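S.K.: My structure is stored as work10.pdb, with PDB, C-alpha atoms and all ligand atoms.
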ATOM      1  CA  MET A  28      76.614  88.171  92.025  1.00  0.00           C
ATOM      2  CA  GLY A  29      74.266  85.535  90.630  1.00  0.00           C
ATOM      3  CA  TRP A  30      72.426  82.559  92.058  1.00  0.00           C
ATOM      4  CA  TYR A  31      75.300  80.166  91.383  1.00  0.00           C
ATOM      5  CA  ALA A  32      77.920  82.322  93.149  1.00  0.00           C
ATOM      6  CA  ASP A  33      75.648  83.236  96.028  1.00  0.00           C
ATOM      7  CA  THR A  34      73.856  79.957  96.712  1.00  0.00           C
ATOM      8  CA  LEU A  35      75.493  76.922  95.150  1.00  0.00           C
ATOM      9  CA  PHE A  36      79.170  77.848  95.138  1.00  0.00           C
ATOM     10  CA  PRO A  37      79.637  78.494  98.915  1.00  0.00           C
ATOM     11  CA  PRO A  38      78.691  74.959 100.068  1.00  0.00           C
ATOM     12  CA  LEU A  39      80.588  73.495  97.088  1.00  0.00           C
ATOM     13  CA  LEU A  40      83.669  75.426  98.197  1.00  0.00           C
ATOM     14  CA  ASP A  41      83.414  74.080 101.747  1.00  0.00           C
ATOM     15  CA  TRP A  42      82.974  70.544 100.430  1.00  0.00           C
ATOM     16  CA  ALA A  43      85.842  70.773  97.922  1.00  0.00           C
ATOM     17  CA  THR A  44      88.292  72.094 100.526  1.00  0.00           C
ATOM     18  CA  ARG A  45      87.506  69.499 103.191  1.00  0.00           C
ATOM     19  CA  PRO A  46      90.801  67.657 102.534  1.00  0.00           C
ATOM     20  CA  LEU A  47      92.522  70.824 103.736  1.00  0.00           C
ATOM     21  CA  GLU A  48      91.077  70.771 107.277  1.00  0.00           C
ATOM     22  CA  ARG A  49      94.385  69.860 108.916  1.00  0.00           C
ATOM     23  CA  ASP A  50      96.296  72.353 106.802  1.00  0.00           C
ATOM     24  CA  ARG A  51      93.894  75.083 107.864  1.00  0.00           C
ATOM     25  CA  ASP A  52      94.340  74.096 111.529  1.00  0.00           C
ATOM     26  CA  ALA A  53      98.136  74.153 111.223  1.00  0.00           C
ATOM     27  CA  LEU A  54      98.080  77.518 109.469  1.00  0.00           C
ATOM     28  CA  LEU A  55      95.819  79.269 111.950  1.00  0.00           C
ATOM     29  CA  ALA A  56      97.567  77.900 115.013  1.00  0.00           C
ATOM     30  CA  GLY A  57     100.183  80.579 114.248  1.00  0.00           C
ATOM     31  CA  ALA A  58      97.753  83.520 114.119  1.00  0.00           C
ATOM     32  CA  GLN A  59      98.389  86.000 116.880  1.00  0.00           C
ATOM     33  CA  GLY A  60      97.602  89.551 117.936  1.00  0.00           C
ATOM     34  CA  ILE A  61      95.443  91.667 115.644  1.00  0.00           C
ATOM     35  CA  VAL A  62      94.634  89.502 112.650  1.00  0.00           C
ATOM     36  CA  LEU A  63      93.308  90.241 109.158  1.00  0.00           C
ATOM     37  CA  GLU A  64      91.931  87.393 107.068  1.00  0.00           C
ATOM     38  CA  LEU A  65      91.552  88.111 103.357  1.00  0.00           C
ATOM     39  CA  GLY A  66      88.550  86.804 101.408  1.00  0.00           C
ATOM     40  CA  VAL A  67      87.020  84.896 104.323  1.00  0.00           C
ATOM     41  CA  GLY A  68      84.488  83.027 102.156  1.00  0.00           C
ATOM     42  CA  THR A  69      82.000  81.191 104.368  1.00  0.00           C
ATOM     43  CA  GLY A  70      84.222  81.644 107.432  1.00  0.00           C
ATOM     44  CA  ALA A  71      85.676  78.134 107.205  1.00  0.00           C
ATOM     45  CA  ASN A  72      88.724  79.256 109.193  1.00  0.00           C
ATOM     46  CA  PHE A  73      86.956  81.095 112.001  1.00  0.00           C
ATOM     47  CA  GLY A  74      86.571  78.227 114.480  1.00  0.00           C
ATOM     48  CA  ARG A  75      90.278  77.444 114.188  1.00  0.00           C
ATOM     49  CA  TYR A  76      91.683  80.653 115.646  1.00  0.00           C
ATOM     50  CA  GLY A  77      93.259  80.204 119.047  1.00  0.00           C
ATOM     51  CA  GLU A  78      93.245  82.592 121.973  1.00  0.00           C
ATOM     52  CA  ASN A  79      96.412  84.305 120.756  1.00  0.00           C
ATOM     53  CA  ALA A  80      94.336  85.894 118.010  1.00  0.00           C
ATOM     54  CA  ARG A  81      92.942  88.832 119.983  1.00  0.00           C
ATOM     55  CA  GLU A  82      90.901  90.527 117.244  1.00  0.00           C
ATOM     56  CA  ILE A  83      90.032  88.927 113.939  1.00  0.00           C
ATOM     57  CA  HIS A  84      89.174  91.290 111.098  1.00  0.00           C
ATOM     58  CA  GLY A  85      87.933  89.730 107.888  1.00  0.00           C
ATOM     59  CA  ILE A  86      87.252  91.153 104.457  1.00  0.00           C
ATOM     60  CA  GLU A  87      85.175  89.631 101.697  1.00  0.00           C
ATOM     61  CA  PRO A  88      83.852  91.360  98.553  1.00  0.00           C
ATOM     62  CA  GLY A  89      80.867  89.034  98.036  1.00  0.00           C
ATOM     63  CA  ALA A  90      77.871  90.234 100.070  1.00  0.00           C
ATOM     64  CA  ALA A  91      76.182  86.803 100.160  1.00  0.00           C
ATOM     65  CA  MET A  92      79.434  85.104 101.155  1.00  0.00           C
ATOM     66  CA  LEU A  93      80.019  87.736 103.818  1.00  0.00           C
ATOM     67  CA  ALA A  94      76.523  87.131 105.261  1.00  0.00           C
ATOM     68  CA  ARG A  95      77.342  83.425 105.564  1.00  0.00           C
ATOM     69  CA  ALA A  96      80.646  84.225 107.253  1.00  0.00           C
ATOM     70  CA  GLN A  97      78.926  86.559 109.719  1.00  0.00           C
ATOM     71  CA  ALA A  98      76.273  83.933 110.504  1.00  0.00           C
ATOM     72  CA  HIS A  99      79.049  81.439 111.165  1.00  0.00           C
ATOM     73  CA  ALA A 100      80.998  83.861 113.384  1.00  0.00           C
ATOM     74  CA  ASP A 101      77.817  84.451 115.397  1.00  0.00           C
ATOM     75  CA  THR A 102      77.680  80.758 116.331  1.00  0.00           C
ATOM     76  CA  LEU A 103      81.208  80.740 117.776  1.00  0.00           C
ATOM     77  CA  PRO A 104      82.363  81.556 121.301  1.00  0.00           C
ATOM     78  CA  HIS A 105      83.335  85.262 121.539  1.00  0.00           C
ATOM     79  CA  PRO A 106      81.650  86.375 118.293  1.00  0.00           C
ATOM     80  CA  ALA A 107      82.648  89.983 119.058  1.00  0.00           C
ATOM     81  CA  ARG A 108      86.214  88.948 118.235  1.00  0.00           C
ATOM     82  CA  PHE A 109      85.203  88.870 114.554  1.00  0.00           C
ATOM     83  CA  GLN A 110      84.820  92.158 112.707  1.00  0.00           C
ATOM     84  CA  LEU A 111      83.845  91.572 109.102  1.00  0.00           C
ATOM     85  CA  THR A 112      83.806  94.139 106.308  1.00  0.00           C
ATOM     86  CA  GLU A 113      82.690  94.040 102.679  1.00  0.00           C
ATOM     87  CA  ALA A 114      85.862  94.924 100.778  1.00  0.00           C
ATOM     88  CA  GLY A 115      88.417  93.577  98.340  1.00  0.00           C
ATOM     89  CA  ALA A 116      92.069  92.951  99.146  1.00  0.00           C
ATOM     90  CA  GLU A 117      93.151  95.486  96.511  1.00  0.00           C
ATOM     91  CA  ALA A 118      92.031  98.425  98.697  1.00  0.00           C
ATOM     92  CA  LEU A 119      92.110  97.436 102.342  1.00  0.00           C
ATOM     93  CA  PRO A 120      90.135  99.810 104.560  1.00  0.00           C
ATOM     94  CA  TYR A 121      92.757  99.831 107.324  1.00  0.00           C
ATOM     95  CA  ALA A 122      95.580 102.066 108.509  1.00  0.00           C
ATOM     96  CA  ASP A 123      99.230 101.329 107.726  1.00  0.00           C
ATOM     97  CA  GLN A 124     100.964  98.754 109.959  1.00  0.00           C
ATOM     98  CA  ARG A 125      97.740  97.790 111.736  1.00  0.00           C
ATOM     99  CA  PHE A 126      98.074  93.987 111.800  1.00  0.00           C
ATOM    100  CA  ASP A 127     100.317  91.474 113.544  1.00  0.00           C
ATOM    101  CA  THR A 128      99.071  88.679 111.275  1.00  0.00           C
ATOM    102  CA  VAL A 129      97.529  88.626 107.815  1.00  0.00           C
ATOM    103  CA  VAL A 130      95.988  85.341 106.624  1.00  0.00           C
ATOM    104  CA  ALA A 131      95.926  84.504 102.899  1.00  0.00           C
ATOM    105  CA  CYS A 132      94.124  81.172 102.646  1.00  0.00           C
ATOM    106  CA  LEU A 133      92.984  80.074  99.179  1.00  0.00           C
ATOM    107  CA  VAL A 134      92.493  83.645  98.128  1.00  0.00           C
ATOM    108  CA  PHE A 135      95.379  84.740  95.887  1.00  0.00           C
ATOM    109  CA  CYS A 136      93.957  82.300  93.323  1.00  0.00           C
ATOM    110  CA  THR A 137      90.847  84.487  93.059  1.00  0.00           C
ATOM    111  CA  ILE A 138      91.793  88.122  93.741  1.00  0.00           C
ATOM    112  CA  PRO A 139      91.524  89.896  90.361  1.00  0.00           C
ATOM    113  CA  ASP A 140      94.398  92.385  90.944  1.00  0.00           C
ATOM    114  CA  ARG A 141      96.887  90.363  92.952  1.00  0.00           C
ATOM    115  CA  ASP A 142      99.644  92.971  92.584  1.00  0.00           C
ATOM    116  CA  ALA A 143      97.475  95.572  94.316  1.00  0.00           C
ATOM    117  CA  ALA A 144      96.595  93.035  97.014  1.00  0.00           C
ATOM    118  CA  ALA A 145     100.233  92.153  97.715  1.00  0.00           C
ATOM    119  CA  ARG A 146     101.074  95.867  97.964  1.00  0.00           C
ATOM    120  CA  GLU A 147      98.196  96.400 100.376  1.00  0.00           C
ATOM    121  CA  ILE A 148      99.236  93.495 102.608  1.00  0.00           C
ATOM    122  CA  ALA A 149     102.760  94.912 102.839  1.00  0.00           C
ATOM    123  CA  ARG A 150     101.210  98.256 103.810  1.00  0.00           C
ATOM    124  CA  VAL A 151      98.876  97.043 106.581  1.00  0.00           C
ATOM    125  CA  LEU A 152     101.264  94.512 108.112  1.00  0.00           C
ATOM    126  CA  LYS A 153     103.448  95.628 111.033  1.00  0.00           C
ATOM    127  CA  PRO A 154     107.180  95.515 110.153  1.00  0.00           C
ATOM    128  CA  ASP A 155     107.616  92.461 112.398  1.00  0.00           C
ATOM    129  CA  GLY A 156     104.258  90.973 111.387  1.00  0.00           C
ATOM    130  CA  GLN A 157     103.608  87.690 109.621  1.00  0.00           C
ATOM    131  CA  LEU A 158     101.688  86.647 106.537  1.00  0.00           C
ATOM    132  CA  LEU A 159     100.240  83.142 106.914  1.00  0.00           C
ATOM    133  CA  VAL A 160      99.859  81.504 103.519  1.00  0.00           C
ATOM    134  CA  LEU A 161      97.942  78.455 102.317  1.00  0.00           C
ATOM    135  CA  GLU A 162      97.456  78.718  98.550  1.00  0.00           C
ATOM    136  CA  HIS A 163      97.204  76.388  95.590  1.00  0.00           C
ATOM    137  CA  VAL A 164      99.618  77.508  92.896  1.00  0.00           C
ATOM    138  CA  GLU A 165     100.917  76.836  89.411  1.00  0.00           C
ATOM    139  CA  SER A 166     102.874  73.601  89.351  1.00  0.00           C
ATOM    140  CA  GLU A 167     106.610  73.401  88.721  1.00  0.00           C
ATOM    141  CA  ARG A 168     106.014  70.144  86.828  1.00  0.00           C
ATOM    142  CA  THR A 169     105.593  70.658  83.099  1.00  0.00           C
ATOM    143  CA  GLY A 170     102.834  68.072  82.628  1.00  0.00           C
ATOM    144  CA  THR A 171     100.719  69.360  85.512  1.00  0.00           C
ATOM    145  CA  ARG A 172     101.283  72.949  84.406  1.00  0.00           C
ATOM    146  CA  LEU A 173     100.006  72.132  80.911  1.00  0.00           C
ATOM    147  CA  ILE A 174      96.875  70.586  82.413  1.00  0.00           C
ATOM    148  CA  GLN A 175      96.393  73.591  84.680  1.00  0.00           C
ATOM    149  CA  HIS A 176      96.651  76.019  81.772  1.00  0.00           C
ATOM    150  CA  SER A 177      94.241  74.030  79.633  1.00  0.00           C
ATOM    151  CA  LEU A 178      91.653  73.670  82.413  1.00  0.00           C
ATOM    152  CA  ASN A 179      92.012  77.230  83.648  1.00  0.00           C
ATOM    153  CA  PRO A 180      89.429  79.009  81.417  1.00  0.00           C
ATOM    154  CA  MET A 181      86.684  76.530  82.380  1.00  0.00           C
ATOM    155  CA  TRP A 182      87.782  76.286  86.016  1.00  0.00           C
ATOM    156  CA  ARG A 183      87.831  80.034  86.406  1.00  0.00           C
ATOM    157  CA  HIS A 184      84.227  80.131  85.302  1.00  0.00           C
ATOM    158  CA  LEU A 185      83.086  77.232  87.504  1.00  0.00           C
ATOM    159  CA  ALA A 186      85.004  78.359  90.586  1.00  0.00           C
ATOM    160  CA  CYS A 187      83.920  82.009  90.589  1.00  0.00           C
ATOM    161  CA  GLY A 188      87.210  83.530  89.422  1.00  0.00           C
ATOM    162  CA  CYS A 189      89.648  81.035  90.977  1.00  0.00           C
ATOM    163  CA  GLN A 190      92.683  80.414  88.767  1.00  0.00           C
ATOM    164  CA  LEU A 191      94.931  77.360  88.694  1.00  0.00           C
ATOM    165  CA  THR A 192      97.966  79.101  87.266  1.00  0.00           C
ATOM    166  CA  ARG A 193      99.028  81.674  89.819  1.00  0.00           C
ATOM    167  CA  ASP A 194     102.618  81.932  91.025  1.00  0.00           C
ATOM    168  CA  THR A 195     101.925  83.464  94.429  1.00  0.00           C
ATOM    169  CA  GLY A 196     105.437  82.896  95.823  1.00  0.00           C
ATOM    170  CA  SER A 197     107.091  85.038  93.129  1.00  0.00           C
ATOM    171  CA  LEU A 198     104.386  87.657  93.516  1.00  0.00           C
ATOM    172  CA  LEU A 199     105.006  88.026  97.259  1.00  0.00           C
ATOM    173  CA  GLN A 200     108.740  88.177  96.704  1.00  0.00           C
ATOM    174  CA  ARG A 201     108.271  91.036  94.226  1.00  0.00           C
ATOM    175  CA  TYR A 202     106.406  93.007  96.880  1.00  0.00           C
ATOM    176  CA  GLY A 203     109.119  92.763  99.504  1.00  0.00           C
ATOM    177  CA  PHE A 204     108.295  89.547 101.349  1.00  0.00           C
ATOM    178  CA  ASP A 205     110.852  87.066 102.572  1.00  0.00           C
ATOM    179  CA  VAL A 206     109.328  83.838 101.271  1.00  0.00           C
ATOM    180  CA  SER A 207     111.968  81.457 102.606  1.00  0.00           C
ATOM    181  CA  GLY A 208     109.388  80.210 105.135  1.00  0.00           C
ATOM    182  CA  LEU A 209     106.961  79.152 102.377  1.00  0.00           C
ATOM    183  CA  LYS A 210     107.184  75.540 101.278  1.00  0.00           C
ATOM    184  CA  ARG A 211     105.690  73.806  98.268  1.00  0.00           C
ATOM    185  CA  ARG A 212     104.057  70.438  98.619  1.00  0.00           C
ATOM    186  CA  ARG A 213     101.754  68.216  96.667  1.00  0.00           C
ATOM    187  CA  HIS A 214      98.568  67.482  98.624  1.00  0.00           C
ATOM    188  CA  PRO A 215      97.788  63.762  98.419  1.00  0.00           C
ATOM    189  CA  LYS A 216      93.989  64.156  98.606  1.00  0.00           C
ATOM    190  CA  LEU A 217      93.468  66.955  96.096  1.00  0.00           C
ATOM    191  CA  PRO A 218      93.457  66.512  92.315  1.00  0.00           C
ATOM    192  CA  GLY A 219      96.890  67.272  90.845  1.00  0.00           C
ATOM    193  CA  PHE A 220      95.743  70.386  88.977  1.00  0.00           C
ATOM    194  CA  ALA A 221      94.637  72.040  92.258  1.00  0.00           C
ATOM    195  CA  GLY A 222      96.841  70.173  94.683  1.00  0.00           C
ATOM    196  CA  GLU A 223     100.171  71.967  94.463  1.00  0.00           C
ATOM    197  CA  LEU A 224     100.242  74.010  97.657  1.00  0.00           C
ATOM    198  CA  LEU A 225     102.336  76.899  98.892  1.00  0.00           C
ATOM    199  CA  GLN A 226     102.195  76.905 102.649  1.00  0.00           C
ATOM    200  CA  GLY A 227     103.888  78.617 105.573  1.00  0.00           C
ATOM    201  CA  VAL A 228     104.848  82.024 106.914  1.00  0.00           C
ATOM    202  CA  ALA A 229     106.161  84.992 104.929  1.00  0.00           C
ATOM    203  CA  THR A 230     107.539  88.122 106.576  1.00  0.00           C
ATOM    204  CA  LEU A 231     108.496  91.537 105.319  1.00  0.00           C
ATOM    205  CA  ALA A 232     112.110  91.368 104.177  1.00  0.00           C
ATOM    206  CA  ARG A 233     114.373  93.691 106.194  1.00  0.00           C
TER     207      ARG A 233
HETATM  208  C1  LIG B 301      88.462  79.940  96.937  1.00  0.00           C
HETATM  209  S1  LIG B 301      87.545  81.041  97.918  1.00  0.00           S
HETATM  210  C2  LIG B 301      88.300  80.784  99.524  1.00  0.00           C
HETATM  211  C3  LIG B 301      87.521  81.300 100.681  1.00  0.00           C
HETATM  212  C4  LIG B 301      88.226  81.192 102.038  1.00  0.00           C
HETATM  213  N1  LIG B 301      89.416  81.998 102.063  1.00  0.00           N
HETATM  214  C5  LIG B 301      88.562  79.772 102.389  1.00  0.00           C
HETATM  215  O1  LIG B 301      89.692  79.506 102.777  1.00  0.00           O
HETATM  216  O2  LIG B 301      87.655  78.914 102.337  1.00  0.00           O
HETATM  217  C6  LIG B 301      88.144  82.622  97.412  1.00  0.00           C
HETATM  218  C7  LIG B 301      87.526  83.766  98.158  1.00  0.00           C
HETATM  219  O3  LIG B 301      88.135  84.991  97.730  1.00  0.00           O
HETATM  220  C8  LIG B 301      87.130  85.965  97.650  1.00  0.00           C
HETATM  221  N2  LIG B 301      87.556  87.080  96.799  1.00  0.00           N
HETATM  222  C9  LIG B 301      87.254  87.320  95.507  1.00  0.00           C
HETATM  223  N3  LIG B 301      87.798  88.471  95.104  1.00  0.00           N
HETATM  224  C10 LIG B 301      88.461  88.979  96.163  1.00  0.00           C
HETATM  225  C11 LIG B 301      89.190  90.179  96.380  1.00  0.00           C
HETATM  226  N4  LIG B 301      89.348  91.075  95.416  1.00  0.00           N
HETATM  227  N5  LIG B 301      89.705  90.391  97.613  1.00  0.00           N
HETATM  228  C12 LIG B 301      89.528  89.495  98.595  1.00  0.00           C
HETATM  229  N6  LIG B 301      88.849  88.339  98.454  1.00  0.00           N
HETATM  230  C13 LIG B 301      88.311  88.087  97.248  1.00  0.00           C
HETATM  231  C14 LIG B 301      85.943  85.200  97.110  1.00  0.00           C
HETATM  232  O4  LIG B 301      84.726  85.906  97.270  1.00  0.00           O
HETATM  233  C15 LIG B 301      86.029  83.933  97.934  1.00  0.00           C
HETATM  234  O5  LIG B 301      85.377  84.060  99.156  1.00  0.00           O
END
Will you turn the file into structure tokens for me?
Ligand SMILES: C[S@@+](CC[C@H](N)C(=O)[O-])C[C@H]1O[C@@H](n2cnc3c(N)ncnc32)[C@H](O)[C@@H]1O
M.R.:
Amino acid sequence: MGWYADTLFPPLLDWATRPLERDRDALLAGAQGIVLELGVGTGANFGRYGENAREIHGIEPGAAMLARAQAHADTLPHPARFQLTEAGAEALPYADQRFDTVVACLVFCTIPDRDAAAREIARVLKPDGQLLVLEHVESERTGTRLIQHSLNPMWRHLACGCQLTRDTGSLLQRYGFDVSGLKRRRHPKLPGFAGELLQGVATLAR
């Protein structure tokens, strides 16, 4: 990765997602058992895990981002709880049905092969496990969707691969998730083009 992605983008990401602090807290309050967080970034979620999260495994393909996440984990109580690995969500280096909880927080927007990632999550999640989701997605409103599609090429470049036009709910449904626990809402403090959120808990459909 280059200087922008390694040095400037990580603090920009933390700054830009500050309006989501409460949403992150609410999401991670539900994490329990053996947890996998996808694309951990700078580790912005790490301090929010409660005691019910026994082990927290994190993957991140960017080496510089991963180093930041590790440095952050090292400042927290019980740093040994965090086990971080350089990997992408498309090929998770874990056994089948390993995790009670998988966390997808602002990551499906960026994963290049989201189909492979969804398949991998379904593989590593226990049958009664939960996928905690906080994602910005393509809007259902025509006007906002047009803006998202027109901004997307530039945004993708500026935000290191993040896309504004992903329909993560339909994707998860295609890969066998029950998405009835995922709700859409418009975040009042984010710009409209990035403020349509999909949030909640998905499970493997029985
Ligand atoms: C918008 S950032 C969000 C970071 C973090 N999840 C958060 O909530 O702040 C997207 C993250 O996805 C990571 N990423 C990119 N490609 C990925 C992949 N193939 N698998 C997993 N994560 C990926 C990026 O490196 C980046 O850290």
S.K.: Just say which residues the PyMOL selection byres (((not hetatm)) within 9 of (chain B and resi 301)) picks in this file, as a PyMOL selection string.
M.R.: chain A and resi 32+37+40-41+44+51+64-72+86-90+92-93+114-119+130-141+144+161-162+186-189
S.K.: Can you spell out as a list in words the set of residues that the PyMOL selection byres (((chain A and resi 148) around 9) and not hetatm) selects in the structure I just provided?
M.R.: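 For this structure, the PyMOL selection byres (((chain A and resi 148) around 9) and not hetatm) captures Ala116, Glu117, Leu119, Val129, Ala143, Ala144, Ala145, Arg146, Glu147, Ala149, Arg150, Val151, Leu152 and Leu158 of chain A.
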S.K.: As a compact mmCIF listing (two decimals) with C-alpha atoms, in the coordinates of the input, please: the residues near Pro104 (chain A) (cut-off 12 Å, only C-alpha atoms, same-chain neighbours under 2 positions excluded).
M.R.:
# COMPACT_ATOMS: atom_id res chain seq x y z
CA PHE A 73 86.96 81.10 112.00
CA GLY A 74 86.57 78.23 114.48
CA ARG A 75 90.28 77.44 114.19
CA TYR A 76 91.68 80.65 115.65
CA GLY A 77 93.26 80.20 119.05
CA GLU A 78 93.24 82.59 121.97
CA HIS A 99 79.05 81.44 111.16
CA ALA A 100 81.00 83.86 113.38
CA ASP A 101 77.82 84.45 115.40
CA THR A 102 77.68 80.76 116.33
CA PRO A 106 81.65 86.38 118.29
CA ALA A 107 82.65 89.98 119.06
CA ARG A 108 86.21 88.95 118.24
CA PHE A 109 85.20 88.87 114.55
S.K.: Mind giving me the straight-line distance from CA of Arg172 (chain A) to CA of Leu191 (chain A) in Å, one decimal?
M.R.: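 Pair CA of Arg172 (chain A) / CA of Leu191 (chain A) returns 8.8 Å.
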S.K.: Could you jot down the CA of Lys153 (chain A) to CA of Ser197 (chain A) separation for me, Å, one decimal place?
M.R.: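 Going from CA of Lys153 (chain A) over to CA of Ser197 (chain A) covers 21.1 Å.
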S.K.: Name the closest residue to Thr128 (chain A) among the candidates A:Leu111, A:Val160, A:Leu198, A:Ile61; distances are taken between atoms, counting all atoms listed in the file.
M.R.: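 Of A:Leu111, A:Val160, A:Leu198, A:Ile61, the one nearest Thr128 (chain A) is A:Ile61, counting all atoms listed in the file.
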S.K.: Might you pull out every residue within 12 Å of Ser177 (chain A), with all atoms listed in the file counted and same-chain residues fewer than 6 positions away left off, and present them as a list of chain:residue names?
M.R.: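 My list of contacting residues is A:Gly170, A:Thr171, A:Arg183, A:Gln190, A:Leu191, A:Thr192, A:Phe220.
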S.K.: At what distance in Å, to one decimal, does CA of Arg45 (chain A) lie from CA of Ala96 (chain A)?
M.R.: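 We find that CA of Ala96 (chain A) and CA of Arg45 (chain A) lie 16.7 Å from each other.
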S.K.: Need the shell around Ser207 (chain A): protein/DNA/RNA residues with any atom at most 9 Å away, counting all atoms listed in the file. Skip same-chain ones fewer than 3 positions apart. Format as a count of residues only?
M.R.: 5
S.K.: Determine the axis-aligned bounding box of all atoms of region 137-144 of chain A present in the file, pad each side by 3 Å, and express its centre and edge lengths in Å to one decimal place as lines of an AutoDock Vina configuration file.
M.R.:
center_x = 95.2
center_y = 90.0
center_z = 93.7
size_x = 14.8
size_y = 17.1
size_z = 12.7
S.K.: I'd like to know which of A:Arg211, A:His163, A:Arg201, A:His105 is closest to Asp142 (chain A), using all atoms listed in the file.
M.R.: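 Checking each of A:Arg211, A:His163, A:Arg201, A:His105 against Asp142 (chain A), counting all atoms listed in the file, the winner is A:Arg201.
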S.K.: I'd like the residues picked by the PyMOL selection byres (((chain A and resi 216) around 10) and not hetatm) written out as a PyMOL selection string, using the chain letters and numbers from the file.
M.R.: chain A and resi 44-47+213-215+217-219+222
S.K.: When distances are computed from all atoms listed in the file, which of A:Tyr31, A:Gln200, A:Arg49, A:Glu113 shows the smallest separation from His184 (chain A)?
M.R.: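 Of the candidates, the smallest distance to His184 (chain A) is held by A:Tyr31.
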S.K.: With only C-alpha atoms as the basis for distance, which of A:Gly60, A:Pro38, A:Gly29, A:Gly208 is at the shortest distance from Ile83 (chain A)?
M.R.: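 Ranked by minimum distance to Ile83 (chain A), first place goes to A:Gly60.
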S.K.: Let me make sure I understand: among A:Leu199, A:Leu185, A:Leu225, A:Val206, which one has the smallest atom-to-atom distance to Ser166 (chain A) if we use only C-alpha atoms?
M.R.: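 So, comparing all the options, the nearest one is A:Leu225.
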S.K.: Please provide the set of residues having any atom within 7 Å of Gln59 (chain A), restricted to all atoms listed in the file, with same-chain residues fewer than 3 positions apart removed, written as a count of residues only.
M.R.: 6
S.K.: Give me region 179-192 of chain A with N, CA and C atoms filled in, as a PDB file, in the coordinates of the input.
M.R.:
ATOM      1  N   ASN A 179      92.229  75.954  82.954  1.00  0.00           N
ATOM      2  CA  ASN A 179      92.012  77.230  83.648  1.00  0.00           C
ATOM      3  C   ASN A 179      90.793  78.043  83.170  1.00  0.00           C
ATOM      4  N   PRO A 180      90.573  78.186  81.837  1.00  0.00           N
ATOM      5  CA  PRO A 180      89.429  79.009  81.417  1.00  0.00           C
ATOM      6  C   PRO A 180      88.100  78.468  81.949  1.00  0.00           C
ATOM      7  N   MET A 181      87.938  77.125  81.906  1.00  0.00           N
ATOM      8  CA  MET A 181      86.684  76.530  82.380  1.00  0.00           C
ATOM      9  C   MET A 181      86.604  76.608  83.911  1.00  0.00           C
ATOM     10  N   TRP A 182      87.730  76.292  84.555  1.00  0.00           N
ATOM     11  CA  TRP A 182      87.782  76.286  86.016  1.00  0.00           C
ATOM     12  C   TRP A 182      87.448  77.668  86.595  1.00  0.00           C
ATOM     13  N   ARG A 183      88.033  78.658  85.953  1.00  0.00           N
ATOM     14  CA  ARG A 183      87.831  80.034  86.406  1.00  0.00           C
ATOM     15  C   ARG A 183      86.346  80.387  86.429  1.00  0.00           C
ATOM     16  N   HIS A 184      85.655  79.883  85.422  1.00  0.00           N
ATOM     17  CA  HIS A 184      84.227  80.131  85.302  1.00  0.00           C
ATOM     18  C   HIS A 184      83.457  79.366  86.382  1.00  0.00           C
ATOM     19  N   LEU A 185      83.793  78.087  86.531  1.00  0.00           N
ATOM     20  CA  LEU A 185      83.086  77.232  87.504  1.00  0.00           C
ATOM     21  C   LEU A 185      83.362  77.630  88.946  1.00  0.00           C
ATOM     22  N   ALA A 186      84.581  78.111  89.197  1.00  0.00           N
ATOM     23  CA  ALA A 186      85.004  78.359  90.586  1.00  0.00           C
ATOM     24  C   ALA A 186      85.036  79.858  90.898  1.00  0.00           C
ATOM     25  N   CYS A 187      84.150  80.597  90.248  1.00  0.00           N
ATOM     26  CA  CYS A 187      83.920  82.009  90.589  1.00  0.00           C
ATOM     27  C   CYS A 187      85.215  82.830  90.610  1.00  0.00           C
ATOM     28  N   GLY A 188      86.023  82.677  89.569  1.00  0.00           N
ATOM     29  CA  GLY A 188      87.210  83.530  89.422  1.00  0.00           C
ATOM     30  C   GLY A 188      88.503  82.883  89.860  1.00  0.00           C
ATOM     31  N   CYS A 189      88.427  81.731  90.514  1.00  0.00           N
ATOM     32  CA  CYS A 189      89.648  81.035  90.977  1.00  0.00           C
ATOM     33  C   CYS A 189      90.476  80.600  89.768  1.00  0.00           C
ATOM     34  N   GLN A 190      91.790  80.794  89.854  1.00  0.00           N
ATOM     35  CA  GLN A 190      92.683  80.414  88.767  1.00  0.00           C
ATOM     36  C   GLN A 190      93.690  79.378  89.250  1.00  0.00           C
ATOM     37  N   LEU A 191      94.040  78.468  88.335  1.00  0.00           N
ATOM     38  CA  LEU A 191      94.931  77.360  88.694  1.00  0.00           C
ATOM     39  C   LEU A 191      96.390  77.694  88.444  1.00  0.00           C
ATOM     40  N   THR A 192      96.649  78.846  87.848  1.00  0.00           N
ATOM     41  CA  THR A 192      97.966  79.101  87.266  1.00  0.00           C
ATOM     42  C   THR A 192      98.710  80.258  87.932  1.00  0.00           C
TER      43      THR A 192
END
